[in-house]
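Undergrad: I have a structure here, written as structure tokens, and I will follow up with some questions on it.
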Amino acid sequence: MWPSLSRDEVNDIVETSIKGGVNWFDTAELYGWGESERALAQSLRDLGVERDEIVIATKWWPLLRTASSITQTIDERLTALNIDSIDLYQIHNSFSFSSISSQMREMAKLVDQGKIKYVGVSNFSANAMRKAHKELRNCGLKLVSNQVNYSLLKRDIEKNGILDTAKELGVSLIAYSPLGRGLLTGKFHDNPELIKKRHIFRRYYASLNESKIKKSLTVVEALKSIALKYQVTPSQVALNWVINSNGDTIVTIPGATKVGQAGDNAEAMKFEMSQDEISFLNEVSASF
């Protein structure tokens with residue numbers, strides 16, 4: 001679905017991100033079955049980045065597995081990442097043969113062993129978050145995060161209880177696909193021919209079709225108007241909205257396959273919209 005990157009390209013993206021103020025990298029076992037983790041580790045070695053300079057998050061893949069796999073496979077994750085302890089270890093989704101409670105108990109074992117520092121989840125519903133939070137509390141720990149799909153074009157968490165539950169429990173939400181899988185950059189609206197160049201699975205994954213382009217146009221135009229004021233890009237405005245629209249509850253992990261994208265992502269942290277502008281974006285994207 002995504003292009004393969006050379007070692008130099010990966011190094012340049014990581015270096016640009018770090019120089020731009022990014023100190024947290026999120027990956028997962030599923031991403032190339034460890035290849036993404038190994039690529040990150042190699043870049044950090046190549047760049048001479050000290051371990052205490054960055055935060056590393058990764059995820060255990062639960063599908064067709066039981067909770068015991070969490071502890072059985074942790075050394076594979078540590079080896080792939082070339083580290084002694086993972087800062088944030090997450091359950092990638094809730095589709096496991098084992099209960100959420102048993103998964104959290106296995107995660108607690110890893111904290112006790114010093115192999116991970118904090119426990120998070122991904123794609124968990126409000127109810128699943130509560131179960132995870134309760135079991136970890138029984139173990140003397142806290143659920144620190146839930147990684148969810150959230151952007152101006154995907155605001156479901158505001159309606160299905162996930163955002164409210166996160167605020168209630170003190171759980172951070174990590175927004176993935178914060179640019180609507182590319183739609184919020186405006187490039188597909190400016191040049192629809194780019195859609196044809198996308199791999200068919202990427203087009204399906206991002207809902208790149210005429211209907212979605214038309215429906216999202218108002219949001220993209222709003223981003224462009226604010227971007228003009230701050231002399232930034234529409235994507236930077238979209239990321240800034242995710243970061244600032246809900247106080248400290250939501251953080252985000254934009255992806256990058258090019259150095260320019262990495263730099264663009266980092267620059268999104270360097271300006272702050274007014275509350276009126278955030279409210280304006282809330283209004284134009286309300287239907288999403």
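Going through the structure tokens in order, the chains are called A, B, and so on, while each chain numbers its residues from 1 and the ligands are numbered from 1 in the order shown.
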Mind the document's chain letters and residue numbers, and return as an MDAnalysis selection string the residues of segment 46-284 of chain A that DSSP labels strand (DSSP E or B).
TA: chainID A and resid 55:60 86:91 116:122 143:149 151 154 172:176 250:252
Undergrad: Can those selected residues be exported to a file as an mmCIF file, in the first residue's frame so that it contains N, CA and C atoms?
TA:
```
data_model
loop_
_atom_site.group_PDB
_atom_site.id
_atom_site.type_symbol
_atom_site.label_atom_id
_atom_site.label_comp_id
_atom_site.auth_asym_id
_atom_site.auth_seq_id
_atom_site.Cartn_x
_atom_site.Cartn_y
_atom_site.Cartn_z
ATOM 1 N N VAL A 55 11.134 9.028 22.572
ATOM 2 C CA VAL A 55 10.118 8.130 23.124
ATOM 3 C C VAL A 55 9.705 7.180 21.998
ATOM 4 N N ILE A 56 9.701 5.884 22.284
ATOM 5 C CA ILE A 56 9.346 4.889 21.273
ATOM 6 C C ILE A 56 8.088 4.142 21.687
ATOM 7 N N ALA A 57 7.125 4.101 20.776
ATOM 8 C CA ALA A 57 5.874 3.363 20.990
ATOM 9 C C ALA A 57 5.731 2.308 19.907
ATOM 10 N N THR A 58 5.246 1.143 20.278
ATOM 11 C CA THR A 58 4.933 0.118 19.290
ATOM 12 C C THR A 58 3.708 -0.653 19.762
ATOM 13 N N LYS A 59 3.271 -1.630 18.955
ATOM 14 C CA LYS A 59 2.007 -2.307 19.244
ATOM 15 C C LYS A 59 2.121 -3.816 19.033
ATOM 16 N N TRP A 60 1.422 -4.548 19.884
ATOM 17 C CA TRP A 60 1.286 -5.997 19.745
ATOM 18 C C TRP A 60 0.054 -6.290 18.901
ATOM 19 N N ILE A 86 10.447 -0.664 26.129
ATOM 20 C CA ILE A 86 9.561 0.095 25.245
ATOM 21 C C ILE A 86 8.829 1.134 26.085
ATOM 22 N N ASP A 87 8.841 2.387 25.637
ATOM 23 C CA ASP A 87 8.199 3.452 26.407
ATOM 24 C C ASP A 87 6.689 3.268 26.487
ATOM 25 N N LEU A 88 6.059 2.995 25.350
ATOM 26 C CA LEU A 88 4.614 2.795 25.319
ATOM 27 C C LEU A 88 4.302 1.560 24.479
ATOM 28 N N TYR A 89 3.738 0.535 25.121
ATOM 29 C CA TYR A 89 3.364 -0.687 24.404
ATOM 30 C C TYR A 89 1.845 -0.743 24.344
ATOM 31 N N GLN A 90 1.316 -0.976 23.128
ATOM 32 C CA GLN A 90 -0.111 -0.874 22.905
ATOM 33 C C GLN A 90 -0.700 -2.162 22.330
ATOM 34 N N ILE A 91 -1.940 -2.440 22.686
ATOM 35 C CA ILE A 91 -2.707 -3.507 22.035
ATOM 36 C C ILE A 91 -3.279 -2.907 20.756
ATOM 37 N N ILE A 116 8.552 -2.837 29.505
ATOM 38 C CA ILE A 116 7.783 -1.713 28.988
ATOM 39 C C ILE A 116 7.562 -0.732 30.137
ATOM 40 N N LYS A 117 7.293 0.530 29.787
ATOM 41 C CA LYS A 117 7.076 1.542 30.819
ATOM 42 C C LYS A 117 5.595 1.865 31.007
ATOM 43 N N TYR A 118 4.877 2.007 29.903
ATOM 44 C CA TYR A 118 3.466 2.384 29.981
ATOM 45 C C TYR A 118 2.625 1.501 29.062
ATOM 46 N N VAL A 119 1.343 1.376 29.411
ATOM 47 C CA VAL A 119 0.412 0.514 28.671
ATOM 48 C C VAL A 119 -0.620 1.369 27.946
ATOM 49 N N GLY A 120 -0.807 1.087 26.664
ATOM 50 C CA GLY A 120 -1.822 1.769 25.877
ATOM 51 C C GLY A 120 -2.600 0.772 25.040
ATOM 52 N N VAL A 121 -3.646 1.258 24.393
ATOM 53 C CA VAL A 121 -4.448 0.437 23.491
ATOM 54 C C VAL A 121 -4.661 1.207 22.192
ATOM 55 N N SER A 122 -5.287 0.567 21.245
ATOM 56 C CA SER A 122 -5.551 1.202 19.959
ATOM 57 C C SER A 122 -6.866 0.671 19.406
ATOM 58 N N LEU A 143 -4.087 2.989 32.455
ATOM 59 C CA LEU A 143 -4.156 3.018 30.994
ATOM 60 C C LEU A 143 -3.822 4.437 30.561
ATOM 61 N N VAL A 144 -2.769 4.602 29.781
ATOM 62 C CA VAL A 144 -2.346 5.965 29.454
ATOM 63 C C VAL A 144 -2.856 6.468 28.107
ATOM 64 N N SER A 145 -3.224 5.539 27.188
ATOM 65 C CA SER A 145 -3.600 6.035 25.862
ATOM 66 C C SER A 145 -4.484 5.067 25.098
ATOM 67 N N ASN A 146 -5.198 5.636 24.128
ATOM 68 C CA ASN A 146 -5.971 4.875 23.154
ATOM 69 C C ASN A 146 -5.736 5.528 21.803
ATOM 70 N N GLN A 147 -5.204 4.770 20.862
ATOM 71 C CA GLN A 147 -4.900 5.304 19.535
ATOM 72 C C GLN A 147 -6.116 5.112 18.630
ATOM 73 N N VAL A 148 -6.608 6.224 18.065
ATOM 74 C CA VAL A 148 -7.865 6.197 17.315
ATOM 75 C C VAL A 148 -7.755 7.018 16.034
ATOM 76 N N ASN A 149 -8.628 6.709 15.092
ATOM 77 C CA ASN A 149 -8.715 7.460 13.843
ATOM 78 C C ASN A 149 -9.472 8.756 14.116
ATOM 79 N N SER A 151 -9.743 13.034 12.798
ATOM 80 C CA SER A 151 -9.347 14.190 11.993
ATOM 81 C C SER A 151 -10.585 15.034 11.759
ATOM 82 N N LYS A 154 -13.046 12.838 10.298
ATOM 83 C CA LYS A 154 -13.381 11.612 11.025
ATOM 84 C C LYS A 154 -13.523 11.965 12.500
ATOM 85 N N SER A 172 -5.009 9.660 27.418
ATOM 86 C CA SER A 172 -4.695 10.441 26.226
ATOM 87 C C SER A 172 -5.167 9.706 24.983
ATOM 88 N N LEU A 173 -5.677 10.439 24.019
ATOM 89 C CA LEU A 173 -6.038 9.868 22.731
ATOM 90 C C LEU A 173 -4.965 10.229 21.723
ATOM 91 N N ILE A 174 -4.493 9.216 20.999
ATOM 92 C CA ILE A 174 -3.465 9.411 19.976
ATOM 93 C C ILE A 174 -4.159 9.331 18.623
ATOM 94 N N ALA A 175 -4.244 10.445 17.943
ATOM 95 C CA ALA A 175 -4.968 10.495 16.675
ATOM 96 C C ALA A 175 -4.102 10.030 15.519
ATOM 97 N N TYR A 176 -4.525 8.926 14.872
ATOM 98 C CA TYR A 176 -3.847 8.522 13.638
ATOM 99 C C TYR A 176 -4.665 8.966 12.441
ATOM 100 N N ILE A 250 -5.802 15.165 23.333
ATOM 101 C CA ILE A 250 -5.452 14.526 22.066
ATOM 102 C C ILE A 250 -4.082 14.960 21.569
ATOM 103 N N VAL A 251 -3.284 13.964 21.182
ATOM 104 C CA VAL A 251 -2.015 14.193 20.490
ATOM 105 C C VAL A 251 -2.130 13.483 19.143
ATOM 106 N N THR A 252 -1.154 13.653 18.281
ATOM 107 C CA THR A 252 -1.318 13.062 16.950
ATOM 108 C C THR A 252 -0.017 12.501 16.392
#
```
Undergrad: Residues at most 9 Å from Val259 of chain A, counting only C-alpha atoms, excluding those fewer than 2 positions away in the same chain, as a ChimeraX atom specification?
TA: /A:9-10,12-17,256-257,261-264
Undergrad: Within 10 Å of Lys215 of chain A, counting only C-alpha atoms, which residues show up once you throw out same-chain ones fewer than 3 positions away? Write them as a VMD selection string, please.
TA: chain A and resid 153 210 to 212 218 to 220 285 287 to 288
Undergrad: List the spatial neighbours of segment 38-44 of chain A as a list in words - criterion: any atom at most 8 Å away, only C-alpha atoms, same-chain residues fewer than 2 positions off excluded.
TA: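 Close residues of segment 38-44 of chain A: Arg7, Val10, Asn11, Val14, Gly34, Glu35, Ser36, Asp46, Leu47, Gly48, Val49, Glu50, Ala80, Leu81 and Asn82 of chain A.
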Undergrad: Can those selected residues be exported to a file as a CSV table (one decimal), in the first residue's frame so that it contains C-alpha atoms?
TA:
```csv
chain,number,residue,atom,x,y,z
A,7,ARG,CA,17.9,3.7,4.0
A,10,VAL,CA,14.3,6.9,6.1
A,11,ASN,CA,17.3,8.5,7.8
A,14,VAL,CA,13.8,10.7,11.0
A,34,GLY,CA,8.8,-5.8,12.4
A,35,GLU,CA,10.4,-4.2,9.4
A,36,SER,CA,9.2,-0.7,10.4
A,46,ASP,CA,22.9,5.8,12.0
A,47,LEU,CA,22.1,9.3,13.3
A,48,GLY,CA,23.7,8.7,16.7
A,49,VAL,CA,20.5,9.5,18.6
A,50,GLU,CA,20.7,8.8,22.3
A,80,ALA,CA,13.7,-5.3,16.4
A,81,LEU,CA,13.8,-1.9,18.1
A,82,ASN,CA,17.3,-2.5,19.6
```
Undergrad: Mind checking which residues fall within 9 Å of Gly140 of chain A, counting only C-alpha atoms, ignoring those fewer than 4 positions away in the same chain, and posting them as a list in words?
TA: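 What passes the distance filter is Ala108, Glu135 and Leu136 of chain A.
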Undergrad: Between atom CA of Glu53 of chain A and atom CA of Asn23 of chain A, what is the spacing in Å?
TA: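 Atom CA of Glu53 of chain A lies 6.8 Å from atom CA of Asn23 of chain A.
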Undergrad: Hey, what's within 8 Å of segment 165-169 of chain A if we count only C-alpha atoms and toss same-chain stuff fewer than 6 positions away? As a list in words, please?
TA: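 So the residues in contact are Ala126, Met129, Arg130, His133 and Thr249 of chain A.
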Undergrad: Given only C-alpha atoms as the basis, pick out the residue of A:Ile83, A:Leu30, A:Leu179, A:Cys139 nearest to Ala238 of chain A.
TA: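 Closest candidate: A:Leu179.
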Undergrad: Restricting the calculation to only C-alpha atoms, which member of A:Gln275, A:Asn123, A:Asn209, A:Ser225 is positioned closest to His92 of chain A?
TA: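 The answer is A:Asn123, which sits nearest to His92 of chain A.
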Undergrad: May I ask for the distance between atom CA of Ile278 of chain A and atom CA of Ser207 of chain A, given in Å to one decimal place?
TA: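 Those two atoms sit 25.1 Å apart.
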Undergrad: Could you write out, as number ranges by chain, all the residues of segment 78-231 of chain A that DSSP marks as helix (DSSP H, G or I)?
TA: A: 78-81, 100-113, 126-138, 156-158, 162-169, 180-185, 187-190, 193-197, 200-205, 210-230
Undergrad: Can you tell me which residues surround segment 269-272 of chain A at a distance of at most 8 Å, considering only C-alpha atoms, apart from same-chain residues fewer than 5 positions away, and format the answer as an MDAnalysis selection string?
TA: chainID A and resid 230 240 244
Undergrad: Kindly save the residues from that selection, with C-alpha atoms included, as a compact mmCIF listing (two decimals), in the first residue's frame.
TA:
```txt
# COMPACT_ATOMS: atom_id res chain seq x y z
CA TYR A 230 -0.58 32.16 9.20
CA ASN A 240 -2.88 22.08 14.66
CA ASN A 244 -5.40 22.04 20.17
```
Undergrad: Could you tell me which of A:Asn282, A:Ser245, A:Ser96, A:Thr79 comes closest to Trp61 of chain A if we count only C-alpha atoms?
TA: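 Closest to Trp61 of chain A, using only C-alpha atoms: A:Ser96.
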Undergrad: For a test of reading the model, state the distance in Å between atom CA of Leu223 of chain A and atom CA of Gly161 of chain A, rounded to one decimal.
TA: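 That distance, rounded to one decimal, is 26.7 Å.
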